[in-house]
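With mmCIF, C-alpha atoms inside, this is my_file_1.cif:
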```cif
data_data
loop_
_atom_site.group_PDB
_atom_site.id
_atom_site.type_symbol
_atom_site.label_atom_id
_atom_site.label_comp_id
_atom_site.auth_asym_id
_atom_site.auth_seq_id
_atom_site.Cartn_x
_atom_site.Cartn_y
_atom_site.Cartn_z
ATOM 1 C CA MET A 1 -28.364 13.069 20.182
ATOM 2 C CA SER A 2 -28.205 13.513 16.418
ATOM 3 C CA GLU A 3 -25.539 11.763 14.416
ATOM 4 C CA LYS A 4 -23.029 13.923 12.605
ATOM 5 C CA GLU A 5 -22.966 14.112 8.849
ATOM 6 C CA VAL A 6 -20.134 12.291 7.064
ATOM 7 C CA PHE A 7 -18.546 14.140 4.132
ATOM 8 C CA LEU A 8 -17.008 11.968 1.416
ATOM 9 C CA THR A 9 -15.531 12.509 -2.001
ATOM 10 C CA PRO A 10 -16.611 10.025 -4.686
ATOM 11 C CA GLU A 11 -13.222 8.302 -4.265
ATOM 12 C CA GLY A 12 -13.695 8.083 -0.505
ATOM 13 C CA LEU A 13 -17.177 6.623 -0.977
ATOM 14 C CA THR A 14 -15.805 3.955 -3.308
ATOM 15 C CA LYS A 15 -13.010 3.098 -0.874
ATOM 16 C CA LEU A 16 -15.419 2.659 2.060
ATOM 17 C CA GLU A 17 -17.861 0.623 -0.037
ATOM 18 C CA GLN A 18 -15.022 -1.677 -1.141
ATOM 19 C CA GLU A 19 -13.828 -2.115 2.442
ATOM 20 C CA LEU A 20 -17.370 -2.955 3.564
ATOM 21 C CA GLU A 21 -17.812 -5.479 0.753
ATOM 22 C CA ASP A 22 -14.461 -7.125 1.598
ATOM 23 C CA LEU A 23 -15.362 -7.377 5.278
ATOM 24 C CA LYS A 24 -18.762 -8.901 4.537
ATOM 25 C CA THR A 25 -17.739 -11.343 1.802
ATOM 26 C CA VAL A 26 -14.128 -12.277 2.547
ATOM 27 C CA LYS A 27 -13.114 -11.452 6.119
ATOM 28 C CA ARG A 28 -16.292 -12.809 7.723
ATOM 29 C CA LYS A 29 -15.793 -16.173 5.994
ATOM 30 C CA GLU A 30 -12.102 -16.296 6.882
ATOM 31 C CA VAL A 31 -12.719 -15.675 10.576
ATOM 32 C CA ALA A 32 -15.640 -18.126 10.655
ATOM 33 C CA ALA A 33 -13.317 -20.803 9.235
ATOM 34 C CA ARG A 34 -10.706 -19.963 11.880
ATOM 35 C CA ILE A 35 -13.306 -20.250 14.649
ATOM 36 C CA LYS A 36 -14.501 -23.592 13.301
ATOM 37 C CA GLU A 37 -10.912 -24.867 13.160
ATOM 38 C CA ALA A 38 -10.167 -23.628 16.684
ATOM 39 C CA ILE A 39 -13.279 -25.372 18.037
ATOM 40 C CA SER A 40 -12.051 -28.621 16.497
ATOM 41 C CA PHE A 41 -8.973 -28.429 18.780
ATOM 42 C CA GLY A 42 -11.208 -29.225 21.738
ATOM 43 C CA ASP A 43 -11.727 -27.321 24.990
ATOM 44 C CA ILE A 44 -12.396 -23.689 24.013
ATOM 45 C CA SER A 45 -11.965 -22.384 27.568
ATOM 46 C CA GLU A 46 -8.155 -22.511 27.216
ATOM 47 C CA ASN A 47 -7.918 -22.202 23.448
ATOM 48 C CA SER A 48 -5.932 -19.099 22.406
ATOM 49 C CA GLU A 49 -6.693 -19.620 18.698
ATOM 50 C CA TYR A 50 -10.415 -19.552 19.483
ATOM 51 C CA GLU A 51 -10.096 -16.403 21.626
ATOM 52 C CA GLU A 52 -8.038 -14.633 18.955
ATOM 53 C CA ALA A 53 -10.526 -15.543 16.208
ATOM 54 C CA LYS A 54 -13.496 -14.417 18.323
ATOM 55 C CA ASN A 55 -11.761 -11.092 19.026
ATOM 56 C CA GLU A 56 -11.126 -10.605 15.318
ATOM 57 C CA GLN A 57 -14.744 -11.477 14.581
ATOM 58 C CA ALA A 58 -15.908 -8.832 17.054
ATOM 59 C CA PHE A 59 -13.601 -6.251 15.442
ATOM 60 C CA ILE A 60 -14.872 -7.098 11.946
ATOM 61 C CA GLU A 61 -18.525 -6.892 12.994
ATOM 62 C CA GLY A 62 -17.888 -3.577 14.746
ATOM 63 C CA ARG A 63 -16.164 -2.160 11.671
ATOM 64 C CA ILE A 64 -19.035 -3.333 9.446
ATOM 65 C CA LEU A 65 -21.533 -1.510 11.680
ATOM 66 C CA THR A 66 -19.373 1.628 11.677
ATOM 67 C CA LEU A 67 -19.021 1.628 7.883
ATOM 68 C CA GLU A 68 -22.740 1.017 7.325
ATOM 69 C CA LYS A 69 -23.581 3.904 9.663
ATOM 70 C CA MET A 70 -21.078 6.200 7.922
ATOM 71 C CA LEU A 71 -22.427 5.325 4.486
ATOM 72 C CA ARG A 72 -26.022 5.990 5.605
ATOM 73 C CA LYS A 73 -25.028 9.460 6.808
ATOM 74 C CA ALA A 74 -22.725 10.226 3.863
ATOM 75 C CA THR A 75 -22.917 13.444 1.906
ATOM 76 C CA ILE A 76 -20.949 13.136 -1.324
ATOM 77 C CA ILE A 77 -18.918 16.212 -2.198
ATOM 78 C CA THR A 78 -18.261 16.600 -5.926
ATOM 79 C CA ASN A 79 -16.309 19.270 -7.784
ATOM 80 C CA ASP A 80 -19.641 20.949 -8.596
ATOM 81 C CA ASP A 81 -20.218 21.440 -4.847
ATOM 82 C CA VAL A 82 -16.878 23.155 -4.236
ATOM 83 C CA ASP A 83 -16.742 26.945 -4.381
ATOM 84 C CA THR A 84 -13.156 27.981 -5.119
ATOM 85 C CA GLY A 85 -13.853 31.417 -3.607
ATOM 86 C CA VAL A 86 -13.752 30.055 -0.062
ATOM 87 C CA VAL A 87 -12.316 26.986 1.624
ATOM 88 C CA SER A 88 -14.827 24.157 2.004
ATOM 89 C CA VAL A 89 -14.842 20.377 2.152
ATOM 90 C CA GLY A 90 -13.380 19.232 -1.162
ATOM 91 C CA SER A 91 -11.119 22.271 -1.593
ATOM 92 C CA ARG A 92 -7.420 21.976 -2.321
ATOM 93 C CA VAL A 93 -5.664 24.750 -0.436
ATOM 94 C CA LYS A 94 -2.134 26.075 -0.834
ATOM 95 C CA LEU A 95 -0.840 27.595 2.403
ATOM 96 C CA LYS A 96 2.252 29.466 3.476
ATOM 97 C CA ASP A 97 3.517 29.033 7.035
ATOM 98 C CA LEU A 98 4.219 32.653 7.994
ATOM 99 C CA GLU A 99 6.843 31.751 10.602
ATOM 100 C CA PHE A 100 9.013 29.402 8.534
ATOM 101 C CA GLY A 101 7.955 30.239 4.976
ATOM 102 C CA ASP A 102 7.071 26.622 4.140
ATOM 103 C CA ILE A 103 4.447 26.087 1.432
ATOM 104 C CA VAL A 104 2.018 23.188 1.884
ATOM 105 C CA ASP A 105 -0.940 21.874 -0.106
ATOM 106 C CA TYR A 106 -3.866 20.291 1.707
ATOM 107 C CA THR A 107 -7.117 18.806 0.511
ATOM 108 C CA ILE A 108 -9.941 19.361 2.988
ATOM 109 C CA VAL A 109 -11.926 16.136 3.395
ATOM 110 C CA GLY A 110 -14.397 14.676 5.847
ATOM 111 C CA SER A 111 -12.997 12.897 8.894
ATOM 112 C CA ALA A 112 -13.647 9.454 7.345
ATOM 113 C CA GLU A 113 -11.171 10.194 4.543
ATOM 114 C CA SER A 114 -8.548 12.013 6.563
ATOM 115 C CA ASP A 115 -5.023 10.938 5.604
ATOM 116 C CA PRO A 116 -2.438 13.470 6.823
ATOM 117 C CA MET A 117 0.436 11.480 5.290
ATOM 118 C CA ASN A 118 -1.116 12.229 1.887
ATOM 119 C CA ASN A 119 -2.035 15.843 2.759
ATOM 120 C CA LYS A 120 -5.734 15.066 3.188
ATOM 121 C CA ILE A 121 -6.845 16.791 6.358
ATOM 122 C CA SER A 122 -10.181 16.590 8.086
ATOM 123 C CA ASN A 123 -12.589 19.495 8.159
ATOM 124 C CA GLU A 124 -12.726 18.770 11.906
ATOM 125 C CA SER A 125 -8.959 19.068 12.483
ATOM 126 C CA PRO A 126 -7.581 22.312 13.944
ATOM 127 C CA VAL A 127 -6.168 23.355 10.551
ATOM 128 C CA GLY A 128 -9.325 22.315 8.696
ATOM 129 C CA GLN A 129 -11.588 24.174 11.106
ATOM 130 C CA ALA A 130 -9.450 27.310 10.912
ATOM 131 C CA LEU A 131 -9.506 27.289 7.093
ATOM 132 C CA LEU A 132 -13.201 26.628 6.466
ATOM 133 C CA GLY A 133 -15.019 29.636 5.055
ATOM 134 C CA LYS A 134 -11.843 31.673 4.537
ATOM 135 C CA SER A 135 -10.816 33.118 1.159
ATOM 136 C CA LYS A 136 -7.574 33.510 -0.782
ATOM 137 C CA GLY A 137 -5.207 35.993 0.892
ATOM 138 C CA ALA A 138 -6.641 35.455 4.379
ATOM 139 C CA VAL A 139 -4.300 34.852 7.295
ATOM 140 C CA VAL A 140 -5.560 32.205 9.704
ATOM 141 C CA ASP A 141 -4.421 31.340 13.205
ATOM 142 C CA VAL A 142 -4.360 27.641 14.043
ATOM 143 C CA ASN A 143 -4.225 26.671 17.711
ATOM 144 C CA VAL A 144 -1.969 23.657 18.195
ATOM 145 C CA PRO A 145 -0.481 22.190 21.386
ATOM 146 C CA ALA A 146 2.802 24.022 20.727
ATOM 147 C CA GLY A 147 1.066 27.390 20.361
ATOM 148 C CA VAL A 148 -0.384 29.195 17.352
ATOM 149 C CA ILE A 149 0.616 28.674 13.734
ATOM 150 C CA GLN A 150 -0.231 31.373 11.214
ATOM 151 C CA TYR A 151 -0.941 30.420 7.625
ATOM 152 C CA GLU A 152 -1.668 32.617 4.637
ATOM 153 C CA ILE A 153 -4.040 31.123 2.073
ATOM 154 C CA LEU A 154 -2.242 31.414 -1.253
ATOM 155 C CA ASP A 155 -4.704 29.536 -3.454
ATOM 156 C CA ILE A 156 -7.964 27.572 -3.371
ATOM 157 C CA ASN A 157 -8.871 25.143 -6.142
ATOM 158 C CA LEU A 158 -10.423 21.750 -6.877
#
```

Encoded form (C-alpha cells):
Amino acid sequence: MSEKEVFLTPEGLTKLEQELEDLKTVKRKEVAARIKEAISFGDISENSEYEEAKNEQAFIEGRILTLEKMLRKATIITNDDVDTGVVSVGSRVKLKDLEFGDIVDYTIVGSAESDPMNNKISNESPVGQALLGKSKGAVVDVNVPAGVIQYEILDINL
C-alpha cells in the first residue's frame, strides 16, 4: 500500500518541524527524567507515576514517528503553485451558502494543517473535496450528515 502525499504550506512545514524538534530535544528529556524519578520510588509494578510517564513516552515516540513520516512525504505548496482560476490546495476561497446566504472564507490545506476553527479546511474534507478543481461562479453540492449544502464560489485567491 502506498503512503499518501502530505500537502503543506511553508508555514505548516515550519510548525511541524518546530513540533518535532521540541519533542526530540525537550519532551523526550522531560519524560526520561520523570521515569527516572518514578523508578527511584521503588517497586514499579504498582507505581502510577511510572506508568503515566511510560504512557507519555510512548505517545511522544509515536508522534515523533508520525511527524517524521509526514515530513518525508511532504509536498510544499507555495503561492507560485496555486492557480487562482480553480480551487486547489493553497487556495483561499470565498463561498456563499445558497440556503442561508452566509458568506465564508476557507483556505484549502492538506490534512496535516487542517484547523477548522481558523477556517483552514482539509482538501480531504467533504467541503474541500467538493471544491477542488472548481472555478469562480460554480455551484457545488457538499454531502454532509444533515443532507446536502450548496455553495457558490464567489472568489478564489492566494

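With only C-alpha atoms as the basis for measurement, A:Pro126 is the residue among A:Glu5, A:Thr66, A:Pro126, A:Asp105 that approaches Pro145 of chain A most closely.
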
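Atom CA of Leu158 of chain A is found 24.6 Å from atom CA of Gln18 of chain A.
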
Can you turn the PyMOL selection byres ((chain A and resi 143) around 12) into a concrete residue list for this file, as an mmCIF file with C-alpha atoms, in the frame of the given file?
```cif
data_model
loop_
_atom_site.group_PDB
_atom_site.id
_atom_site.type_symbol
_atom_site.label_atom_id
_atom_site.label_comp_id
_atom_site.auth_asym_id
_atom_site.auth_seq_id
_atom_site.Cartn_x
_atom_site.Cartn_y
_atom_site.Cartn_z
ATOM 1 C CA SER A 125 -8.959 19.068 12.483
ATOM 2 C CA PRO A 126 -7.581 22.312 13.944
ATOM 3 C CA VAL A 127 -6.168 23.355 10.551
ATOM 4 C CA GLY A 128 -9.325 22.315 8.696
ATOM 5 C CA GLN A 129 -11.588 24.174 11.106
ATOM 6 C CA ALA A 130 -9.450 27.310 10.912
ATOM 7 C CA LEU A 131 -9.506 27.289 7.093
ATOM 8 C CA VAL A 140 -5.560 32.205 9.704
ATOM 9 C CA ASP A 141 -4.421 31.340 13.205
ATOM 10 C CA VAL A 142 -4.360 27.641 14.043
ATOM 11 C CA VAL A 144 -1.969 23.657 18.195
ATOM 12 C CA PRO A 145 -0.481 22.190 21.386
ATOM 13 C CA ALA A 146 2.802 24.022 20.727
ATOM 14 C CA GLY A 147 1.066 27.390 20.361
ATOM 15 C CA VAL A 148 -0.384 29.195 17.352
ATOM 16 C CA ILE A 149 0.616 28.674 13.734
ATOM 17 C CA GLN A 150 -0.231 31.373 11.214
ATOM 18 C CA TYR A 151 -0.941 30.420 7.625
#
```

*What do you get, as a count of residues only, if you spell out every residue that the PyMOL selection byres ((chain A and resi 88) around 10) selects here?*
25

Box dimensions and centre (Å, one decimal) enclosing segment 39-52 of chain A, axis-aligned, 3 Å extra per side, as AutoDock Vina command-line options:
```
--center_x -9.6 --center_y -21.9 --center_z 22.0 --size_x 13.3 --size_y 20.6 --size_z 17.1
```

*asked:* Which residues are near Leu8 of chain A? Cut-off 7 Å, all atoms listed in the file, ignore same chain within fewer than 5 positions. Put them as a VMD selection string.
replied: chain A and resid 13 74 to 77 109 to 110 113

*Distance of atom CA of Glu68 of chain A from atom CA of Ala33 of chain A, expressed in Å to one decimal place*: 23.8 Å

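Between Arg63 of chain A and the candidates A:Ile35, A:Leu16, A:Leu154, A:Val104, the tightest atom-to-atom separation, counting only C-alpha atoms, involves A:Leu16.
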
*For Lys24 of chain A, please output as a ChimeraX atom specification all residues within 9 Å (counting all atoms listed in the file; exclusion window: fewer than 5 positions along the same chain).*
/A:19,29,60-61,64

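In this comparison, which uses only C-alpha atoms, the residue of A:Phe100, A:Phe7, A:Tyr50, A:Tyr106 approaching Val31 of chain A most closely is A:Tyr50.
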
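Counting from atom CA of Lys136 of chain A, the distance to atom CA of Asn157 of chain A is 10.0 Å.
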
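Residue nearest Lys4 of chain A, chosen from A:Lys27, A:Arg34, A:Lys54, A:Lys69 and counting only C-alpha atoms: A:Lys69.
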
_Surrounding residues of Lys96 of chain A excluding itself and chain neighbours under 3 positions, 6 Å, only C-alpha atoms, as a ChimeraX atom specification_ = /A:101-103,151-152
